[in-house]
>>> print(open('my_file04.txt').read())   # compact mmCIF, C-alpha atoms
# COMPACT_ATOMS: atom_id res chain seq x y z
CA LEU A 19 -2.37 7.88 24.72
CA GLY A 20 -6.03 8.65 24.03
CA GLU A 21 -5.18 12.07 22.56
CA GLU A 22 -2.39 10.56 20.44
CA ALA A 23 -4.72 7.87 19.10
CA GLU A 24 -7.39 10.45 18.28
CA SER A 25 -4.85 12.68 16.56
CA ARG A 26 -3.54 9.74 14.54
CA GLU A 27 -7.09 8.75 13.53
CA GLN A 28 -7.85 12.33 12.41
CA SER A 29 -4.59 12.33 10.43
CA ASP A 30 -5.58 9.08 8.72
CA ARG A 31 -8.99 10.50 7.86
CA GLY A 32 -7.39 13.59 6.33
CA TRP A 33 -4.92 11.54 4.35
CA LEU A 34 -7.67 9.27 3.06
CA SER A 35 -9.97 12.13 2.08
CA GLN A 36 -7.17 13.70 0.02
CA SER A 37 -6.07 10.42 -1.60
CA MET A 38 -9.57 9.23 -2.58
CA PRO A 39 -11.12 11.10 -5.51
CA ASP A 40 -14.82 10.89 -6.27
CA SER A 41 -14.54 7.74 -8.38
CA PRO A 42 -15.54 4.08 -7.97
CA ALA A 43 -13.63 2.12 -5.35
CA ARG A 44 -11.24 -0.21 -7.16
CA VAL A 45 -11.64 -3.82 -6.06
CA LEU A 46 -9.14 -6.67 -6.32
CA VAL A 47 -10.25 -10.26 -5.72
CA VAL A 48 -7.60 -12.88 -4.87
CA TYR A 49 -8.35 -16.57 -4.38
CA GLY A 50 -6.55 -19.76 -3.40
CA SER A 51 -8.06 -23.11 -4.31
CA GLU A 52 -6.83 -26.69 -4.59
CA GLY A 53 -9.97 -28.30 -5.99
CA GLY A 54 -11.64 -25.27 -7.54
CA ASN A 55 -14.44 -24.79 -5.00
CA ALA A 56 -13.17 -21.51 -3.53
CA ARG A 57 -12.62 -20.17 -7.04
CA ARG A 58 -16.12 -21.11 -8.16
CA ALA A 59 -17.71 -19.63 -5.04
CA ILE A 60 -15.94 -16.28 -5.26
CA THR A 61 -16.58 -16.11 -9.02
CA LYS A 62 -20.31 -16.38 -8.33
CA CYS A 63 -20.02 -13.64 -5.73
CA VAL A 64 -18.20 -11.37 -8.17
CA ARG A 65 -20.87 -11.89 -10.81
CA ALA A 66 -23.54 -10.86 -8.28
CA TRP A 67 -21.54 -7.79 -7.19
CA GLU A 68 -21.08 -6.70 -10.79
CA ARG A 69 -24.74 -7.30 -11.60
CA GLU A 70 -25.94 -5.29 -8.58
CA CYS A 71 -23.29 -2.56 -8.75
CA ASP A 72 -24.57 1.00 -8.35
CA GLY A 73 -21.39 2.58 -9.71
CA SER A 74 -19.76 3.12 -6.31
CA TYR A 75 -17.18 0.39 -6.91
CA ALA A 76 -15.61 -1.57 -9.76
CA VAL A 77 -14.20 -5.10 -9.58
CA GLU A 78 -11.03 -4.68 -11.64
CA ARG A 79 -9.35 -8.07 -11.30
CA VAL A 80 -10.09 -11.61 -10.13
CA VAL A 81 -6.85 -13.61 -9.88
CA ALA A 82 -5.26 -16.57 -8.14
CA GLY A 83 -2.64 -15.63 -5.58
CA CYS A 84 0.12 -16.77 -7.95
CA GLU A 85 -1.12 -14.44 -10.71
CA LEU A 86 -0.86 -11.14 -8.87
CA ASP A 87 1.42 -8.88 -10.89
CA CYS A 88 2.32 -6.25 -8.28
CA PRO A 89 4.11 -6.35 -4.91
CA VAL A 90 1.90 -6.59 -1.85
CA ASP A 91 3.13 -3.24 -0.54
CA GLU A 92 1.75 -1.53 -3.67
CA LEU A 93 -1.79 -2.87 -3.29
CA ALA A 94 -3.02 0.15 -1.34
CA SER A 95 -1.91 2.52 -4.11
CA ARG A 96 -3.69 0.51 -6.83
CA TYR A 97 -6.87 -0.61 -5.08
CA GLU A 98 -9.22 0.52 -2.35
CA VAL A 99 -10.65 -2.93 -1.53
CA LEU A 100 -9.17 -6.43 -1.41
CA ILE A 101 -11.44 -9.50 -1.26
CA VAL A 102 -9.80 -12.85 -0.48
CA ALA A 103 -11.27 -16.35 -0.73
CA THR A 104 -9.10 -19.32 0.17
CA SER A 105 -9.02 -22.76 1.71
CA SER A 106 -6.15 -24.49 3.52
CA PHE A 107 -4.07 -27.48 2.49
CA GLY A 108 -1.95 -30.04 4.32
CA GLU A 109 -1.14 -28.87 7.86
CA GLY A 110 -3.00 -25.58 7.49
CA ASP A 111 -0.76 -24.43 4.63
CA PRO A 112 -1.93 -22.32 1.68
CA PRO A 113 -3.18 -23.85 -1.58
CA GLU A 114 -0.45 -24.06 -4.21
CA ASN A 115 -1.87 -21.21 -6.29
CA TYR A 116 -2.14 -19.00 -3.19
CA LEU A 117 1.34 -19.52 -1.73
CA PRO A 118 3.02 -16.57 -3.54
CA PHE A 119 0.43 -14.14 -2.19
CA LEU A 120 0.77 -15.38 1.39
CA LEU A 121 4.56 -15.20 1.10
CA GLY A 122 4.17 -11.63 -0.14
CA LEU A 123 2.20 -10.74 2.99
CA LEU A 124 4.84 -12.33 5.24
CA ARG A 125 7.68 -10.54 3.45
CA ALA A 126 5.87 -7.21 3.61
CA LYS A 127 5.39 -7.66 7.35
CA GLU A 128 9.08 -8.46 7.83
CA ALA A 129 10.13 -5.48 5.70
CA ALA A 130 7.85 -3.17 7.69
CA ALA A 131 9.35 -4.47 10.93
CA ARG A 132 12.90 -3.87 9.68
CA GLY A 133 11.98 -0.37 8.57
CA GLY A 134 10.61 0.51 11.99
CA GLY A 135 7.26 1.60 10.58
CA GLY A 136 8.58 5.07 9.74
CA GLY A 137 6.57 5.24 6.54
CA GLY A 138 3.41 3.88 8.12
CA PRO A 139 1.75 0.51 7.50
CA PRO A 140 2.16 -0.52 3.84
CA LEU A 141 -1.55 -1.32 3.40
CA ARG A 142 -2.93 1.79 5.10
CA GLY A 143 -5.99 2.96 3.18
CA LEU A 144 -6.88 -0.52 1.94
CA GLN A 145 -10.00 -2.37 3.16
CA HIS A 146 -10.42 -6.12 3.05
CA ALA A 147 -12.68 -9.11 3.66
CA VAL A 148 -11.83 -12.81 3.82
CA LEU A 149 -13.99 -15.81 2.89
CA GLY A 150 -12.56 -19.06 4.25
CA PHE A 151 -13.29 -22.67 3.30
CA GLY A 152 -12.52 -25.80 5.29
CA GLN A 153 -13.72 -28.84 7.21
CA SER A 154 -13.97 -28.57 10.99
CA VAL A 155 -12.99 -32.23 11.39
CA PHE A 156 -9.39 -31.20 10.75
CA ALA A 157 -7.19 -29.75 13.49
CA THR A 158 -5.98 -27.00 11.14
CA TYR A 159 -9.50 -25.85 10.20
CA GLN A 160 -9.52 -22.40 8.52
CA ASN A 161 -5.83 -21.82 9.31
CA CYS A 162 -4.90 -20.16 6.02
CA PRO A 163 -7.94 -17.82 5.89
CA ARG A 164 -7.41 -16.80 9.53
CA TRP A 165 -3.69 -16.20 8.99
CA THR A 166 -4.41 -14.11 5.89
CA ASP A 167 -6.97 -11.99 7.76
CA LYS A 168 -4.57 -11.39 10.63
CA LEU A 169 -1.65 -10.46 8.36
CA LEU A 170 -3.73 -7.99 6.36
CA GLY A 171 -4.78 -6.25 9.56
CA GLU A 172 -1.20 -6.12 10.84
CA LEU A 173 -0.14 -4.50 7.56
CA GLY A 174 -2.64 -1.69 8.03
CA SER A 175 -5.63 -2.86 6.02
CA ARG A 176 -9.07 -2.22 7.52
CA ARG A 177 -11.33 -5.25 7.99
CA PHE A 178 -14.61 -3.92 6.60
CA VAL A 179 -16.55 -7.21 6.83
CA ARG A 180 -16.25 -9.92 9.45
CA ARG A 181 -14.52 -13.04 8.07
CA VAL A 182 -16.90 -15.82 7.04
CA GLU A 183 -15.76 -19.42 7.59
CA ALA A 184 -17.66 -21.78 5.31
CA GLU A 185 -17.96 -25.38 6.41
CA GLU A 186 -17.37 -27.88 3.64
CA ALA A 187 -19.15 -31.23 3.40
CA LEU A 188 -17.09 -34.40 3.48
CA PRO A 189 -17.51 -36.86 0.60
CA PRO A 190 -20.32 -39.40 1.10
CA LEU A 191 -19.17 -42.56 2.84
CA ARG A 192 -18.82 -45.69 0.75
CA ALA A 193 -17.72 -47.86 3.68
CA PRO A 194 -18.80 -48.38 7.29
CA LEU A 195 -17.71 -45.60 9.64
CA ALA A 196 -15.33 -47.96 11.44
CA HIS A 197 -13.27 -48.26 8.25
CA VAL A 198 -12.72 -44.54 7.76
CA SER A 199 -9.01 -43.82 7.44
CA PRO A 200 -7.45 -40.99 9.50
CA SER A 201 -5.93 -39.60 6.30
CA PRO A 202 -7.56 -36.65 4.50
CA PRO A 203 -9.97 -37.50 1.66
CA GLN A 204 -8.47 -37.65 -1.80
CA VAL A 205 -10.10 -35.36 -4.33
CA GLU A 206 -10.13 -36.32 -7.98
CA VAL A 207 -9.28 -33.11 -9.81
CA ASP A 208 -9.69 -32.42 -13.49
CA GLU A 209 -6.29 -30.94 -14.28
CA ALA A 210 -7.69 -29.17 -17.34
CA ASN A 211 -9.99 -26.90 -15.35
CA ASP A 212 -8.82 -27.30 -11.75
CA GLU A 213 -12.26 -28.37 -10.62
CA ALA A 214 -13.45 -31.01 -8.18
CA PRO A 215 -16.47 -33.22 -8.92
CA ALA A 216 -19.54 -31.11 -9.62
CA ASP A 217 -21.79 -32.93 -7.15
CA GLU A 218 -22.74 -30.57 -4.32
CA GLY A 219 -22.05 -33.35 -1.85
CA GLY A 220 -18.49 -33.59 -3.14
CA ASP A 221 -17.29 -30.16 -2.04
CA TYR A 222 -14.36 -30.94 0.19
CA PHE A 223 -10.92 -29.60 1.00
CA GLY A 224 -7.69 -31.06 2.34
CA SER A 225 -7.46 -28.69 5.28
CA GLY A 226 -5.51 -31.15 7.39
CA GLY A 227 -2.60 -33.42 6.70
CA ALA A 228 -2.12 -37.11 7.47
CA GLY A 229 -2.70 -37.75 11.13
CA SER A 230 -4.24 -34.33 11.78
CA VAL A 231 -7.84 -35.49 11.47
CA ARG A 232 -9.82 -35.31 14.70
CA ASP A 233 -11.56 -38.32 16.18
CA VAL A 234 -14.09 -39.54 13.62
CA GLY A 235 -16.60 -39.88 16.40
CA ALA A 236 -16.54 -36.11 16.84
CA LEU A 237 -17.87 -35.40 13.34
CA PRO A 238 -20.49 -32.64 13.40
CA GLU A 239 -24.04 -33.74 12.79
CA GLY A 240 -24.73 -33.94 9.06
CA ALA A 241 -21.07 -33.68 8.05
CA LEU A 242 -21.32 -36.86 5.98
CA ASP A 243 -24.71 -35.93 4.54
CA PRO A 244 -24.63 -35.01 0.83
CA ASP A 245 -26.90 -32.08 1.73
CA ALA A 246 -24.42 -30.69 4.25
CA GLY A 247 -23.22 -28.27 1.58
CA LEU A 248 -26.30 -26.17 2.40
CA GLU A 249 -24.51 -24.62 5.38
CA ARG A 250 -21.60 -23.66 3.16
CA ARG A 251 -23.92 -22.02 0.66
CA ARG A 252 -25.57 -20.05 3.44
CA GLY A 253 -22.16 -18.81 4.59
CA VAL A 254 -21.14 -17.79 1.08
CA ASP A 255 -24.49 -16.01 0.57
CA ARG A 256 -24.03 -14.10 3.83
CA PHE A 257 -20.55 -13.07 2.75
CA ARG A 258 -21.86 -11.93 -0.63
CA PHE A 259 -24.59 -9.75 0.87
CA GLU A 260 -22.39 -8.23 3.58
CA VAL A 261 -19.59 -7.41 1.13
CA GLN A 262 -22.13 -5.97 -1.33
CA TRP A 263 -23.29 -3.48 1.31
CA ALA A 264 -19.74 -2.69 2.42
CA LEU A 265 -18.59 -2.07 -1.15
CA THR A 266 -21.29 0.53 -1.73
CA HIS A 267 -20.06 2.41 1.35
CA ALA A 268 -16.33 1.75 0.93
CA ARG A 269 -15.51 5.37 0.05
CA ASP A 270 -17.07 6.59 3.30
CA THR A 271 -15.73 3.95 5.70
CA ALA A 272 -12.03 3.81 4.77
CA GLY A 273 -11.01 5.91 7.77
CA GLU A 274 -13.17 4.04 10.28
CA PRO A 275 -11.81 1.42 12.73
CA PRO A 276 -12.09 -2.22 11.62
CA VAL A 277 -15.51 -3.80 12.19
CA CYS A 278 -13.94 -6.47 14.42
CA GLY A 279 -10.68 -8.20 15.31
CA TRP A 280 -9.32 -11.04 13.21
CA GLY A 281 -10.12 -13.71 15.77
CA SER A 282 -13.09 -14.93 17.74
CA PRO A 283 -13.45 -17.22 20.78
CA GLY A 284 -12.00 -20.58 19.85
CA SER A 285 -10.16 -19.33 16.76
CA GLU A 286 -6.95 -21.35 16.65
CA LEU A 287 -4.09 -20.28 14.42
CA THR A 288 -0.71 -21.74 13.50
CA GLU A 289 1.74 -19.19 12.12
CA ARG A 290 5.01 -20.07 10.42
CA CYS A 291 8.08 -18.22 9.29
CA GLU A 292 8.89 -18.07 5.59
CA ALA A 293 11.45 -20.90 5.77
CA GLU A 294 8.97 -23.23 7.48
CA LEU A 295 6.28 -22.38 4.96
CA LEU A 296 8.57 -23.04 2.01
CA GLU A 297 9.73 -26.31 3.53
CA ALA A 298 6.12 -27.47 3.86
CA ARG A 299 5.10 -26.20 0.44
CA PRO A 300 7.98 -25.19 -1.90
CA GLU A 301 7.43 -22.49 -4.46
CA VAL A 302 6.77 -23.93 -7.91
CA VAL A 303 8.97 -22.69 -10.74
CA ARG A 304 6.94 -22.70 -13.93
CA ASP A 305 8.30 -24.43 -17.04
CA SER A 306 8.36 -21.10 -18.89
CA ALA A 307 10.62 -19.63 -16.23
CA LEU A 308 12.98 -22.60 -16.44
CA LEU A 309 13.27 -22.21 -20.21
CA ALA A 310 13.59 -18.43 -20.26
CA GLY A 311 17.20 -18.32 -19.02
CA PRO A 312 18.72 -20.87 -21.43
CA LEU A 313 16.76 -19.49 -24.40
CA LEU A 314 17.86 -15.95 -23.69
CA ARG A 315 21.50 -17.00 -23.41
CA LEU A 316 21.19 -18.94 -26.68
CA LEU A 317 19.71 -15.94 -28.49
CA LEU A 318 22.41 -13.62 -27.16
CA ALA A 319 25.14 -16.07 -28.18
CA GLY A 320 23.65 -16.33 -31.67
CA ALA A 321 23.48 -12.54 -31.98
CA ALA A 322 27.10 -12.20 -30.87
CA ALA A 323 28.23 -14.84 -33.37
CA ALA A 324 26.34 -13.11 -36.18
CA ALA A 325 27.90 -9.76 -35.27
CA ALA A 326 31.37 -11.30 -35.21
CA ALA A 327 30.82 -12.92 -38.62
CA ALA A 328 29.60 -9.65 -40.10
CA ALA A 329 32.69 -7.87 -38.80
>>> encode(input="my_file04.txt", output="structure tokens")
Amino acid sequence: LGEEAESREQSDRGWLSQSMPDSPARVLVVYGSEGGNARRAITKCVRAWERECDGSYAVERVVAGCELDCPVDELASRYEVLIVATSSFGEGDPPENYLPFLLGLLRAKEAAARGGGGGGPPLRGLQHAVLGFGQSVFATYQNCPRWTDKLLGELGSRRFVRRVEAEEALPPLRAPLAHVSPSPPQVEVDEANDEAPADEGGDYFGSGGAGSVRDVGALPEGALDPDAGLERRRGVDRFRFEVQWALTHARDTAGEPPVCGWGSPGSELTERCEAELLEARPEVVRDSALLAGPLLRLLLAGAAAAAAAAA
């Protein structure tokens, strides 16, 4: 088994060296965010990476998971690096604008399993890093980021930076602790720009559903402090610096083993099948998609009537 593994690793290195010309590593950034915090954080990271870029990589796209315009199994042929930033929602489910991307990962895994892996993992050659957001007072803390990281590894992507799990501050209390409801905090979102309140103390996520909140008495020290966002900022800064270094070496490390496994001691994860995920969070059909079919049929009918009249 040792000889087979070594031979397979050498084969991967040879394949990667032939498929990677001397050009900047192409980087795709995908985010999922309910209140806008994950999007704002990763946008700041991208600006820093672009500002400090030495020409060894190029951030080509920054998109929400619902805006990705290529199948998941084609990512490795279009990009060398994938950076993901996401929170969780409800019972550890993905944010609405991240659901299509997570479904794509699940479907790619199922397709690879049906195919028997004859063509190799669909994301072989890709490298990735995940930045997670959440509140540890919820039982489903960091579920979506952890699930994403695990799926990417199972599909053949190399984890080139250890996942960072940023702790979010809860909103400041406006009532005695005894009156805190076991339901997740409600975030007032500006629908025009998908952003939560700008106050640093108001960075919070619905990473647990009704009834999933842990005992309020077990809140971590400082969790209700408006300054508790400092720990989150430290985590995001660490992620930014580590990814910056990894990006500059991405061309040389693609054939190396992952820097670590997806999990760590105490990392809990709830995985669901596609049907369960869609039941918990149905796919949203955009208004434009709903109108496209009837409009197209109307146009075709009008064209046919005009042709018949002309005849």
>>> residues_around(input="my_file04.txt", residues="Asp87 of chain A", least_positions_apart="6", cutoff="12 Å", atoms="only C-alpha atoms", output="PyMOL selection string")
chain A and resi 46+48+79-81+93+96+118-119+122
>>> residues_around(input="my_file04.txt", residues="segment 260-265 of chain A", least_positions_apart="2", cutoff="9 Å", atoms="all atoms listed in the file", output="PyMOL selection string")
chain A and resi 43+45+66-67+70-71+74-75+99+101+147+178-180+255-258+267-269+271
>>> atom_distance(input="my_file04.txt", atom1="atom CA of Ala103 of chain A", atom2="atom CA of Leu121 of chain A")
16.0 Å
>>> atom_distance(input="my_file04.txt", atom1="atom CA of Leu173 of chain A", atom2="atom CA of Asn161 of chain A")
18.3 Å
>>> atom_distance(input="my_file04.txt", atom1="atom CA of Asn115 of chain A", atom2="atom CA of Leu170 of chain A")
18.4 Å
>>> closest_residue(input="my_file04.txt", among="A:Thr158, A:Thr266, A:Thr166, A:Gln145", to="Glu68 of chain A", atoms="all atoms listed in the file")
A:Thr266
>>> closest_residue(input="my_file04.txt", among="A:Cys88, A:Cys162, A:Cys63, A:Ala131", to="Leu295 of chain A", atoms="all atoms listed in the file")
A:Cys162
>>> residues_around(input="my_file04.txt", residues="Phe151 of chain A", least_positions_apart="3", cutoff="7 Å", atoms="all atoms listed in the file", output="ChimeraX atom specification")
/A:56,104-105,160,183-186
>>> residues_near_point(input="my_file04.txt", point="(-8.6, -22.3, 12.7)", cutoff="12 Å", atoms="only C-alpha atoms", output="PyMOL selection string")
chain A and resi 105-106+109-111+150-168+181-185+225-226+280-289
>>> closest_residue(input="my_file04.txt", among="A:Leu124, A:Glu52, A:Ala130, A:Asp270", to="Cys291 of chain A", atoms="only C-alpha atoms")
A:Leu124
>>> closest_residue(input="my_file04.txt", among="A:Arg290, A:Pro300, A:Ala126, A:Ser175", to="Pro275 of chain A", atoms="all atoms listed in the file")
A:Ser175
>>> closest_residue(input="my_file04.txt", among="A:Glu85, A:Asp40, A:Glu114, A:Glu78", to="Gly53 of chain A", atoms="all atoms listed in the file")
A:Glu114
